[in-house]
Structure formats: structure tokens, C-alpha cells
$ cat data-v8.txt   # compact mmCIF, C-alpha atoms
# COMPACT_ATOMS: atom_id res chain seq x y z
CA MET A 1 26.70 13.90 -22.84
CA ALA A 2 25.99 15.71 -19.58
CA VAL A 3 28.88 17.45 -17.85
CA CYS A 4 29.48 16.72 -14.19
CA GLU A 5 29.37 19.80 -12.01
CA THR A 6 31.19 20.42 -8.75
CA THR A 7 28.87 20.25 -5.76
CA GLU A 8 28.63 23.45 -3.76
CA THR A 9 27.73 23.52 -0.08
CA THR A 10 25.80 26.25 1.72
CA MET A 11 25.57 24.88 5.27
CA SER A 12 25.74 27.31 8.13
CA LYS A 13 28.41 25.93 10.47
CA THR A 14 31.68 24.06 10.45
CA TYR A 15 31.59 20.40 11.49
CA LYS A 16 34.43 18.39 12.97
CA ALA A 17 34.72 14.92 11.42
CA VAL A 18 36.80 11.83 12.24
CA ALA A 19 37.03 8.29 10.87
CA ILE A 20 37.26 4.88 12.52
CA GLY A 21 39.11 2.26 10.49
CA HIS A 22 40.63 -1.12 11.21
CA THR A 23 43.37 -2.28 8.86
CA GLY A 24 43.19 -6.06 8.45
CA GLU A 25 39.52 -6.18 9.49
CA GLY A 26 37.76 -4.32 6.75
CA GLY A 27 40.09 -1.35 6.54
CA TYR A 28 38.32 1.87 5.62
CA GLY A 29 35.59 0.29 3.53
CA HIS A 30 35.09 1.90 0.16
CA GLY A 31 36.89 5.11 1.05
CA LEU A 32 34.57 6.29 3.81
CA HIS A 33 37.40 8.32 5.35
CA LEU A 34 37.92 10.37 2.17
CA PRO A 35 34.67 12.20 1.25
CA TYR A 36 35.36 15.22 3.48
CA ARG A 37 38.03 16.59 1.17
CA GLY A 38 36.86 19.74 -0.55
CA LEU A 39 33.97 20.42 1.83
CA ASP A 40 34.60 23.88 3.21
CA ASN A 41 32.16 23.37 6.08
CA VAL A 42 33.97 20.29 7.45
CA GLU A 43 37.22 20.09 9.41
CA PHE A 44 38.60 16.56 9.19
CA ALA A 45 40.47 16.14 12.47
CA ALA A 46 41.62 12.56 13.04
CA VAL A 47 41.64 8.87 12.16
CA ALA A 48 41.69 5.88 14.50
CA ASP A 49 43.15 2.48 13.64
CA PRO A 50 44.84 -0.09 15.91
CA ASP A 51 47.23 -0.99 13.08
CA GLU A 52 50.17 1.43 13.08
CA ALA A 53 50.98 1.20 9.36
CA GLY A 54 47.35 1.44 8.33
CA ARG A 55 46.82 4.36 10.66
CA ALA A 56 49.78 6.25 9.16
CA GLN A 57 48.54 5.61 5.64
CA ALA A 58 45.00 6.79 6.42
CA GLN A 59 46.35 9.90 8.10
CA ALA A 60 48.41 10.68 5.01
CA GLU A 61 45.46 10.04 2.67
CA THR A 62 43.15 12.36 4.58
CA GLY A 63 45.66 14.95 5.76
CA ALA A 64 44.28 14.57 9.28
CA PRO A 65 46.43 16.42 11.86
CA ARG A 66 46.01 13.68 14.48
CA SER A 67 45.66 9.89 14.69
CA TYR A 68 44.80 7.42 17.45
CA ALA A 69 45.25 3.70 18.07
CA ASP A 70 42.05 3.60 20.13
CA TYR A 71 38.85 4.99 18.65
CA SER A 72 37.35 5.46 22.12
CA GLU A 73 40.17 7.83 23.00
CA MET A 74 39.70 9.67 19.71
CA LEU A 75 35.99 10.16 20.39
CA ARG A 76 36.67 11.39 23.93
CA VAL A 77 39.42 13.83 22.95
CA GLU A 78 38.10 15.12 19.62
CA GLN A 79 34.37 15.29 20.48
CA PRO A 80 33.44 15.13 16.77
CA ASP A 81 30.21 16.16 15.09
CA ILE A 82 30.46 13.43 12.43
CA VAL A 83 32.08 9.99 12.54
CA SER A 84 32.73 7.73 9.56
CA VAL A 85 32.53 4.10 10.74
CA CYS A 86 34.52 2.62 7.89
CA PRO A 87 35.44 -1.10 8.26
CA ARG A 88 33.69 -3.49 5.87
CA TRP A 89 33.69 -6.21 8.52
CA THR A 90 30.73 -6.11 10.86
CA ARG A 91 32.66 -7.42 13.86
CA GLY A 92 32.65 -4.58 16.39
CA ARG A 93 30.37 -2.45 14.17
CA THR A 94 27.62 -2.10 16.76
CA GLU A 95 30.09 -1.06 19.47
CA MET A 96 31.70 1.53 17.17
CA VAL A 97 28.36 3.05 16.18
CA MET A 98 27.03 3.11 19.73
CA ALA A 99 30.21 4.76 21.01
CA ALA A 100 29.98 7.44 18.31
CA LEU A 101 26.32 8.09 19.15
CA ASP A 102 27.17 8.37 22.83
CA ALA A 103 29.87 10.88 21.90
CA GLY A 104 27.13 13.03 20.35
CA ALA A 105 28.09 12.48 16.71
CA HIS A 106 26.12 11.88 13.54
CA ILE A 107 27.39 8.84 11.62
CA TYR A 108 28.27 7.74 8.11
CA CYS A 109 28.50 3.95 8.27
CA GLU A 110 29.70 1.26 5.87
CA LYS A 111 27.15 -1.31 4.76
CA PRO A 112 25.71 -3.64 5.87
CA LEU A 113 24.55 -1.80 8.99
CA THR A 114 24.91 -4.94 11.13
CA SER A 115 24.87 -8.73 10.82
CA THR A 116 21.53 -9.17 12.57
CA LEU A 117 18.24 -7.33 12.71
CA TRP A 118 18.27 -7.12 16.49
CA GLU A 119 21.58 -5.26 16.45
CA GLY A 120 20.19 -2.94 13.81
CA ASP A 121 17.06 -2.41 15.91
CA ALA A 122 19.26 -1.40 18.85
CA ILE A 123 21.23 1.08 16.75
CA VAL A 124 18.11 2.67 15.26
CA ALA A 125 16.49 2.98 18.69
CA HIS A 126 19.59 4.52 20.27
CA ALA A 127 20.07 7.02 17.43
CA GLN A 128 16.48 8.16 17.91
CA GLU A 129 16.97 8.33 21.67
CA VAL A 130 20.02 10.61 21.45
CA GLY A 131 18.68 12.58 18.48
CA ARG A 132 21.46 11.80 15.99
CA LYS A 133 21.33 10.86 12.30
CA ILE A 134 22.89 7.80 10.70
CA ALA A 135 23.51 7.48 6.96
CA VAL A 136 24.70 4.20 5.44
CA ALA A 137 27.01 3.83 2.43
CA HIS A 138 24.53 2.69 -0.19
CA GLN A 139 26.11 5.28 -2.45
CA ALA A 140 24.01 4.73 -5.58
CA VAL A 141 20.84 6.44 -4.36
CA TYR A 142 22.79 9.66 -3.78
CA LEU A 143 23.93 9.88 -7.39
CA PRO A 144 22.10 12.30 -9.73
CA ARG A 145 21.88 9.58 -12.38
CA VAL A 146 19.91 7.24 -10.10
CA GLN A 147 17.76 10.07 -8.76
CA TYR A 148 17.00 10.97 -12.37
CA VAL A 149 15.63 7.44 -12.89
CA LYS A 150 13.37 7.83 -9.88
CA GLN A 151 12.04 11.11 -11.28
CA LEU A 152 11.31 9.41 -14.61
CA LEU A 153 9.30 6.77 -12.77
CA GLN A 154 7.39 9.40 -10.79
CA ASP A 155 6.68 11.30 -14.02
CA GLY A 156 5.19 8.17 -15.58
CA ARG A 157 7.81 7.85 -18.32
CA ILE A 158 7.25 4.07 -18.49
CA GLY A 159 3.72 4.08 -17.09
CA ASP A 160 2.83 2.23 -13.90
CA VAL A 161 5.86 0.46 -12.38
CA GLN A 162 4.97 -3.22 -12.32
CA ALA A 163 8.20 -5.12 -11.60
CA ILE A 164 11.90 -4.72 -10.87
CA TYR A 165 14.32 -7.45 -11.93
CA ALA A 166 17.65 -7.12 -10.09
CA HIS A 167 20.78 -9.17 -10.78
CA GLY A 168 23.96 -9.70 -8.79
CA LYS A 169 27.44 -9.75 -10.34
CA GLN A 170 27.28 -13.57 -10.48
CA ASP A 171 31.05 -13.99 -10.30
CA SER A 172 32.92 -16.37 -7.96
CA ARG A 173 30.84 -14.95 -5.09
CA GLY A 174 27.58 -15.76 -6.89
CA GLY A 175 24.67 -16.82 -4.72
CA GLY A 176 24.61 -15.94 -1.05
CA GLU A 177 27.81 -13.94 -0.89
CA ASP A 178 26.87 -11.90 -3.96
CA MET A 179 23.53 -11.13 -2.29
CA LEU A 180 25.21 -9.97 0.92
CA VAL A 181 28.04 -7.92 -0.57
CA LEU A 182 26.34 -6.41 -3.64
CA GLY A 183 22.68 -7.32 -3.28
CA THR A 184 22.42 -4.91 -0.37
CA HIS A 185 23.01 -2.04 -2.83
CA LEU A 186 20.38 -3.42 -5.21
CA PHE A 187 17.85 -4.03 -2.46
CA ASN A 188 18.31 -0.52 -1.11
CA MET A 189 17.81 0.85 -4.64
CA MET A 190 14.72 -1.32 -5.20
CA ARG A 191 13.21 0.20 -2.05
CA PHE A 192 14.26 3.67 -3.25
CA PHE A 193 12.15 3.09 -6.36
CA ALA A 194 9.30 0.93 -5.02
CA GLY A 195 8.99 1.53 -1.27
CA ASP A 196 8.62 -0.95 1.59
CA VAL A 197 8.47 -4.74 1.21
CA SER A 198 5.41 -6.58 2.48
CA TRP A 199 6.58 -10.18 2.17
CA ILE A 200 9.38 -12.35 0.77
CA SER A 201 9.51 -15.77 -0.91
CA ALA A 202 12.76 -17.34 -2.06
CA GLN A 203 14.73 -20.41 -3.05
CA VAL A 204 18.43 -20.77 -2.22
CA THR A 205 20.32 -23.81 -3.52
CA ALA A 206 23.85 -25.22 -3.39
CA ASN A 207 25.25 -27.41 -6.15
CA GLY A 208 21.77 -27.80 -7.62
CA ARG A 209 20.10 -29.06 -4.43
CA GLU A 210 18.10 -27.46 -1.64
CA LEU A 211 20.22 -25.67 0.95
CA GLU A 212 21.44 -27.67 3.96
CA PRO A 213 23.03 -26.51 7.24
CA VAL A 214 26.40 -27.85 6.08
CA ASP A 215 26.38 -25.22 3.30
CA VAL A 216 26.57 -22.30 5.74
CA ARG A 217 29.98 -20.63 5.68
CA GLN A 218 31.77 -17.35 6.17
CA ALA A 219 31.86 -14.92 3.25
CA THR A 220 35.34 -14.48 1.80
CA GLU A 221 35.31 -10.65 1.93
CA PRO A 222 34.25 -11.29 4.79
CA VAL A 223 31.07 -9.72 6.14
CA GLY A 224 29.18 -12.58 7.81
CA ALA A 225 27.48 -15.93 7.36
CA VAL A 226 26.32 -16.86 3.85
CA ALA A 227 25.10 -19.97 2.05
CA GLY A 228 24.23 -21.20 -1.41
CA ASP A 229 25.57 -20.66 -4.92
CA CYS A 230 22.20 -19.81 -6.47
CA VAL A 231 19.59 -17.37 -5.16
CA ASN A 232 16.17 -16.59 -6.61
CA ALA A 233 14.10 -14.24 -4.46
CA TYR A 234 10.68 -12.63 -4.87
CA PHE A 235 9.67 -9.45 -3.04
CA ALA A 236 6.11 -8.15 -2.80
CA PHE A 237 6.18 -4.38 -2.26
CA GLU A 238 3.37 -2.56 -0.46
CA SER A 239 3.05 -0.32 -3.54
CA GLY A 240 1.93 -3.29 -5.64
CA THR A 241 5.26 -3.54 -7.49
CA VAL A 242 6.93 -6.94 -7.42
CA GLY A 243 10.68 -7.45 -7.22
CA PHE A 244 12.99 -10.26 -8.22
CA PHE A 245 16.65 -10.91 -7.43
CA ASP A 246 18.83 -13.61 -8.94
CA SER A 247 22.46 -14.60 -8.55
CA ARG A 248 24.21 -17.75 -9.71
CA LYS A 249 27.90 -18.50 -9.20
CA ASP A 250 30.50 -18.31 -11.99
CA GLN A 251 28.32 -17.21 -14.86
CA ALA A 252 29.75 -16.35 -18.28
CA GLY A 253 30.22 -12.62 -18.55
CA ALA A 254 30.19 -12.28 -14.77
CA GLY A 255 29.67 -8.69 -13.70
CA THR A 256 27.86 -7.61 -16.86
CA PRO A 257 24.31 -8.32 -15.59
CA PHE A 258 24.88 -6.37 -12.35
CA GLY A 259 22.02 -3.91 -12.04
CA MET A 260 18.31 -4.04 -12.77
CA GLU A 261 15.48 -3.66 -15.26
CA ILE A 262 12.41 -1.69 -14.23
CA VAL A 263 9.29 -2.82 -16.06
CA GLY A 264 6.36 -0.46 -16.53
CA SER A 265 3.04 -0.65 -18.33
CA GLN A 266 4.41 1.58 -21.12
CA GLY A 267 8.09 0.63 -21.29
CA ARG A 268 11.24 -0.45 -19.49
CA ILE A 269 14.38 1.10 -18.05
CA SER A 270 17.68 -0.79 -17.82
CA LEU A 271 20.17 0.34 -15.20
CA ARG A 272 23.49 -1.51 -15.38
CA GLY A 273 26.59 -1.34 -13.20
CA GLY A 274 24.73 -0.80 -9.96
CA PHE A 275 25.27 2.97 -10.16
CA GLY A 276 23.44 3.73 -13.39
CA ASP A 277 26.66 3.54 -15.43
CA ASP A 278 24.76 2.16 -18.45
CA LEU A 279 21.27 3.63 -18.61
CA MET A 280 18.81 2.67 -21.37
CA ILE A 281 15.08 2.96 -22.00
CA TYR A 282 12.75 0.76 -24.05
CA PRO A 283 9.86 3.18 -24.71
CA HIS A 284 7.34 0.62 -25.95
CA PRO A 285 4.53 -1.08 -24.01
CA LEU A 286 4.98 -4.47 -25.73
CA TYR A 287 8.43 -6.03 -25.31
CA ALA A 288 9.33 -7.40 -28.75
CA PRO A 289 13.12 -7.80 -29.16
CA SER A 290 12.75 -8.93 -32.78
CA ALA A 291 10.84 -5.81 -33.85
CA GLN A 292 13.23 -3.64 -35.91
CA GLU A 293 11.27 -0.49 -35.12
CA GLN A 294 11.46 -1.09 -31.36
CA ARG A 295 14.91 -0.72 -29.88
CA TRP A 296 16.53 0.15 -26.58
CA GLU A 297 17.62 3.79 -26.54
CA PRO A 298 20.31 5.45 -24.38
CA LEU A 299 19.06 8.00 -21.85
CA GLU A 300 21.55 10.58 -23.03
CA GLU A 301 19.85 13.39 -21.13
CA ALA A 302 20.63 11.70 -17.79
CA PRO A 303 23.11 13.61 -15.60
CA CYS A 304 26.54 12.07 -15.20
CA SER A 305 27.53 10.25 -12.03
CA GLU A 306 30.80 8.90 -10.73
CA PRO A 307 30.41 6.16 -8.09
CA GLN A 308 33.03 7.76 -5.85
CA ASP A 309 30.89 10.92 -5.72
CA GLY A 310 28.28 9.02 -3.72
CA ASN A 311 30.25 9.19 -0.48
CA GLN A 312 30.63 12.96 -0.57
CA LEU A 313 27.01 13.49 -1.58
CA ALA A 314 26.05 11.27 1.37
CA ILE A 315 28.01 13.49 3.78
CA ILE A 316 26.39 16.63 2.37
CA ASP A 317 22.96 15.01 2.72
CA LEU A 318 23.76 13.84 6.27
CA ILE A 319 24.62 17.39 7.32
CA GLU A 320 21.43 18.72 5.74
CA ALA A 321 19.44 16.01 7.53
CA ALA A 322 21.01 17.03 10.84
CA GLU A 323 20.39 20.74 10.29
CA GLU A 324 16.84 20.34 9.00
CA ASP A 325 15.96 17.36 11.22
CA HIS A 326 14.86 14.92 8.56
CA LYS A 327 15.86 11.39 7.58
CA PRO A 328 19.04 10.96 5.50
CA LEU A 329 18.44 9.71 1.97
CA SER A 330 19.98 6.32 2.84
CA ALA A 331 19.35 6.09 6.57
CA ASP A 332 19.90 3.41 9.18
CA THR A 333 16.27 2.34 8.81
CA ASP A 334 16.75 1.89 5.06
CA ALA A 335 19.89 -0.19 5.57
CA LEU A 336 18.06 -2.31 8.12
CA ALA A 337 15.25 -2.89 5.61
CA ALA A 338 17.78 -3.94 2.94
CA LEU A 339 19.35 -6.36 5.43
CA GLU A 340 15.88 -7.72 6.18
CA MET A 341 15.48 -8.55 2.48
CA ILE A 342 18.72 -10.55 2.63
CA LEU A 343 17.93 -12.39 5.84
CA GLY A 344 14.30 -12.85 4.82
CA THR A 345 15.50 -14.66 1.69
CA TYR A 346 17.25 -17.22 3.90
CA GLU A 347 14.31 -17.38 6.30
CA SER A 348 11.97 -18.21 3.42
CA GLN A 349 14.25 -20.96 2.12
CA ILE A 350 14.68 -22.51 5.57
CA SER A 351 10.97 -22.33 6.47
CA GLY A 352 9.68 -23.17 2.99
CA ALA A 353 7.14 -20.37 3.31
CA ARG A 354 6.45 -16.71 2.68
CA VAL A 355 8.09 -14.42 5.22
CA ALA A 356 6.13 -11.40 6.39
CA VAL A 357 7.95 -8.10 6.82
CA PRO A 358 8.82 -6.90 9.41
CA MET A 359 10.25 -10.29 10.31
CA THR A 360 9.50 -11.86 13.67
CA ASN A 361 12.93 -13.54 13.79
CA ARG A 362 15.42 -10.75 14.48
CA LEU A 363 18.40 -13.15 14.72
CA HIS A 364 20.42 -14.46 11.77
CA PRO A 365 18.41 -17.33 10.18
CA LEU A 366 21.52 -19.23 9.05
CA VAL A 367 23.13 -19.13 12.48
CA GLY A 368 19.99 -20.30 14.23
CA TRP A 369 19.59 -23.06 11.62
CA THR A 370 23.07 -24.40 12.29
CA GLY A 371 22.71 -24.17 16.05
CA GLY A 372 25.21 -21.33 16.24
CA ALA A 373 27.92 -23.17 14.32
CA ALA A 374 28.39 -20.26 11.95
CA ALA A 375 29.64 -17.02 13.45
CA LEU A 376 27.55 -13.92 12.92
CA SER A 377 30.55 -11.96 11.77
CA PRO A 378 34.20 -12.62 10.99

$ encode --input "data-v8.txt" --output "C-alpha cells"
Amino acid sequence: MAVCETTETTMSKTYKAVAIGHTGEGGYGHGLHLPYRGLDNVEFAAVADPDEAGRAQAQAETGAPRSYADYSEMLRVEQPDIVSVCPRWTRGRTEMVMAALDAGAHIYCEKPLTSTLWEGDAIVAHAQEVGRKIAVAHQAVYLPRVQYVKQLLQDGRIGDVQAIYAHGKQDSRGGGEDMLVLGTHLFNMMRFFAGDVSWISAQVTANGRELEPVDVRQATEPVGAVAGDCVNAYFAFESGTVGFFDSRKDQAGAGTPFGMEIVGSQGRISLRGGFGDDLMIYPHPLYAPSAQEQRWEPLEEAPCSEPQDGNQLAIIDLIEAAEEDHKPLSADTDALAALEMILGTYESQISGARVAVPMTNRLHPLVGWTGGAAALSP
């Protein structure tokens, strides 16, 4: 079994970092205020949260010397180099990101980037205009274990990559909510392995019937409008690889299928847990489960990865991207493309047709379909 090693940093300057949270409206996401601990080239200066108790807790967790009720005041006073935009809820996300960009900061942002493509377009354009980098918390692609899989694919370990079959957790959130909350990680990883999507075709159903406007609702987490308890989506990648995503509500063994299988001309790789927790290879061109001489084998040589390491690796990569002026590994444009796969799935179901990427409709398909009855964000 591989031994995890402590990451060492060699950057040239010290960066001031702060975090924006909102207790009661998405909090601090999946610990986006915490990855600065142990980085000797980062001074973590402050947290902002309108909730007094939540603010005090976040300050204690991070050891930040200062805290603010108003993130705008924090940005003005602290003038940070890096801002973590932490809340899981997308309400106010665009304003937070834009304010941080205007303050001259690079950004580490919780996923999804926004609720709509047009908001994402505005963020991407403004970041380019002011010359700042945005990384988004699709942590898996930063992990050595997932990067190891990509190297195997590039080395031809399973031949030509033909298809990727991705599966949501398929718990009580199965269907549309599973796709929004967890599918975004899978879609970002599919693109990490296979590149850009050319077009999308999908079916989304509710209670065994075709989706109707009455099925549109708010996600329970919540992160926006969702619909359907069963999703089957097909993605045609420009590379020639095809992708599939499925999620059905309340399946037996919910959580266990979460991840993907990558099918090649000479074998298959199974990546379970969303972060490569359970990594197996089937090194045979013909898939024959009954063949005693052909079995799945663990990829024991794969480096270890802890999901929580992804946030810190993302910050290290963000700083390198800023210093070397290149795109972060999981950038705003990547997060926008993952969101487009989600919204394109709904657009295909509503239109009954293939949806070309980039999509013409930059609004939320479900909201337009219901005449605005469903809010874009909580």
C-alpha cells in the first residue's frame, strides 16, 4: 500500500488569504476555509460571516486573527490575495465572486460555480478582464490517485478509451438532485479524462413518467432547481469517447455505485467513491465476468489519496497557476462546462432532442420551462 506524503511548497512569496462563509445558507461548504493550515507561504487573515455564532466558530477553526460580519468590509480592509468563497448555496455566489475579483484576489470557490450559464459566463469574462484565477472545489481531480488514473489512460494501459459510465449515489436524492450535488464532481472528472463535450442527449423521468413542469422543485441541500427521480444521460465527447450518467432514487445499496467505469479497447478501470477510494482494473479486452481466469485486480501501485487533501492541493495549484499564469487544474471554465452537462441534460429532456455544446440557452432550462415558478437558487 502506498504511503501518503506531506506536500511541500516552494512558492516565492507569502499570500494573504481570507474566507467568506454564511452560516445557515451553505456555511463554509466542504471545509473551504480550512486548507490554508500548514502552508508556510499563506497567511490566513480573516473570515466573514453575518451569523455571529458561525463567525466565531469559523474563526476558532482557522485561527484567523480577525473576523467580519460583512464580507465587503473584509475585502476592503484586508485586501487579500486569495479568497475562499465557501457557501454551498448559490444565492449571492456571483456577487461574492465578483466582489473578490474586484478586490484583486484569486478565488477558490465552492461548486457549482453558479446556478445558470449566463452568470458563469459573466464570472469567467470578468476574471479574464482583471487577470485573476478562479479554481472550483471539484477536489477529486487534484488527488494523486485520480491523476494516476489519467496517466494510465494516457499510457494506453486499457487501450483506446471508448466509454465512461458514471453513477450517482442514488440515495434519497437520486435523480436530479443527485446529478446536481454529486454529478458535478463526476462530470468534471469525465471531462478531466475525456475532454470537451460536443452534444448531450438525455431522459429525465419522475415516478416512471416523462418529466412535467410540476415536478420542478428546490433541492433539499439546497443548491437550486432540480427535477426528476431518474436520470439517464448520454454525452458525446469531441475526443470520440462517449459518456453515460445514471441516477435513480432510493436504490438498494445506495452510495455503493458512486463513481465510474472507464472502458477501453484492452480493458476497464473501476473508480468507486468519487475520489478513487476503490480502484480496480480489468486487464482483459473481452469482458467475461464468468471467466475464472479473468478477474478484476486492485491497482495497488496507485498513490494514496484522502478526499480532504483535495482542498489544500487545489490552493497550492491555484497559487502556481497565478505565479506561472496558467489555468488552474479545476478552473472556472471547467466548472461551467460541468454545469452545462447538468443543464444540458434537462434541456434535452424538455426539447426531446440532442443539445449542442456550447448551449444556446444560457438560462436555467427548468426555470424557463415553468415560467419562472422555480427559483434559480434557494

$ closest_residue --input "data-v8.txt" --among "A:Pro50, A:Gly29, A:Pro87, A:Gly267" --to "Ala69 in chain A" --atoms "only C-alpha atoms"
A:Pro50

$ closest_atom_pairs --input "data-v8.txt" --of "range 305-373 of chain A" --to "range 274-284 of chain A" --cutoff "10 Å" --atoms "all atoms listed in the file" --output "CSV"
residue,atom,partner,partner_atom,distance
A:Ser305,CA,A:Asp277,CA,7.6
A:Glu306,CA,A:Phe275,CA,8.1
A:Pro307,CA,A:Phe275,CA,6.4
A:Gly310,CA,A:Phe275,CA,9.3

$ residues_around --input "data-v8.txt" --residues "range 173-183 of chain A" --least-positions-apart "2" --cutoff "7 Å" --atoms "all atoms listed in the file" --output "list of chain:residue names"
A:Gly168, A:Lys169, A:Gln170, A:Asp171, A:His185, A:Leu186, A:Phe187, A:Ala219, A:Val226, A:Ala227, A:Gly228, A:Asp229, A:Cys230, A:Val231, A:Ser247, A:Arg248, A:Lys249, A:Asp250, A:Ile342

$ write_last_selection --input "data-v8.txt" --atoms "C-alpha atoms" --output "mmCIF file, keeping the file's coordinate frame"
data_model
loop_
_atom_site.group_PDB
_atom_site.id
_atom_site.type_symbol
_atom_site.label_atom_id
_atom_site.label_comp_id
_atom_site.auth_asym_id
_atom_site.auth_seq_id
_atom_site.Cartn_x
_atom_site.Cartn_y
_atom_site.Cartn_z
ATOM 1 C CA GLY A 168 23.960 -9.700 -8.790
ATOM 2 C CA LYS A 169 27.440 -9.750 -10.340
ATOM 3 C CA GLN A 170 27.280 -13.570 -10.480
ATOM 4 C CA ASP A 171 31.050 -13.990 -10.300
ATOM 5 C CA HIS A 185 23.010 -2.040 -2.830
ATOM 6 C CA LEU A 186 20.380 -3.420 -5.210
ATOM 7 C CA PHE A 187 17.850 -4.030 -2.460
ATOM 8 C CA ALA A 219 31.860 -14.920 3.250
ATOM 9 C CA VAL A 226 26.320 -16.860 3.850
ATOM 10 C CA ALA A 227 25.100 -19.970 2.050
ATOM 11 C CA GLY A 228 24.230 -21.200 -1.410
ATOM 12 C CA ASP A 229 25.570 -20.660 -4.920
ATOM 13 C CA CYS A 230 22.200 -19.810 -6.470
ATOM 14 C CA VAL A 231 19.590 -17.370 -5.160
ATOM 15 C CA SER A 247 22.460 -14.600 -8.550
ATOM 16 C CA ARG A 248 24.210 -17.750 -9.710
ATOM 17 C CA LYS A 249 27.900 -18.500 -9.200
ATOM 18 C CA ASP A 250 30.500 -18.310 -11.990
ATOM 19 C CA ILE A 342 18.720 -10.550 2.630
#

$ closest_residue --input "data-v8.txt" --among "A:Ala105, A:Leu39, A:Val83, A:Met260" --to "Ala17 in chain A" --atoms "only C-alpha atoms"
A:Val83

$ atom_distance --input "data-v8.txt" --atom1 "CA of Ala122 in chain A" --atom2 "CA of Ser72 in chain A"
19.6 Å

$ atom_distance --input "data-v8.txt" --atom1 "CA of Ile350 in chain A" --atom2 "CA of Leu366 in chain A"
8.3 Å

$ atom_distance --input "data-v8.txt" --atom1 "CA of Asp160 in chain A" --atom2 "CA of Glu297 in chain A"
19.5 Å

$ closest_residue --input "data-v8.txt" --among "A:Asp196, A:Glu129, A:Glu52, A:Asp155" --to "Ala335 in chain A" --atoms "only C-alpha atoms"
A:Asp196

$ residues_around --input "data-v8.txt" --residues "Arg157 in chain A" --least-positions-apart "6" --cutoff "12 Å" --atoms "only C-alpha atoms" --output "number ranges by chain"
A: 148-151, 262-269, 281-285, 299

$ residues_around --input "data-v8.txt" --residues "Val85 in chain A" --least-positions-apart "6" --cutoff "9 Å" --atoms "only C-alpha atoms" --output "list in words"
Val18, Ala19, Ile20, Gly21, Tyr28, Gly29, Leu32, His33, Arg93, Met96, Val97, Ala100, Ile107, Tyr108, Cys109 and Glu110 of chain A
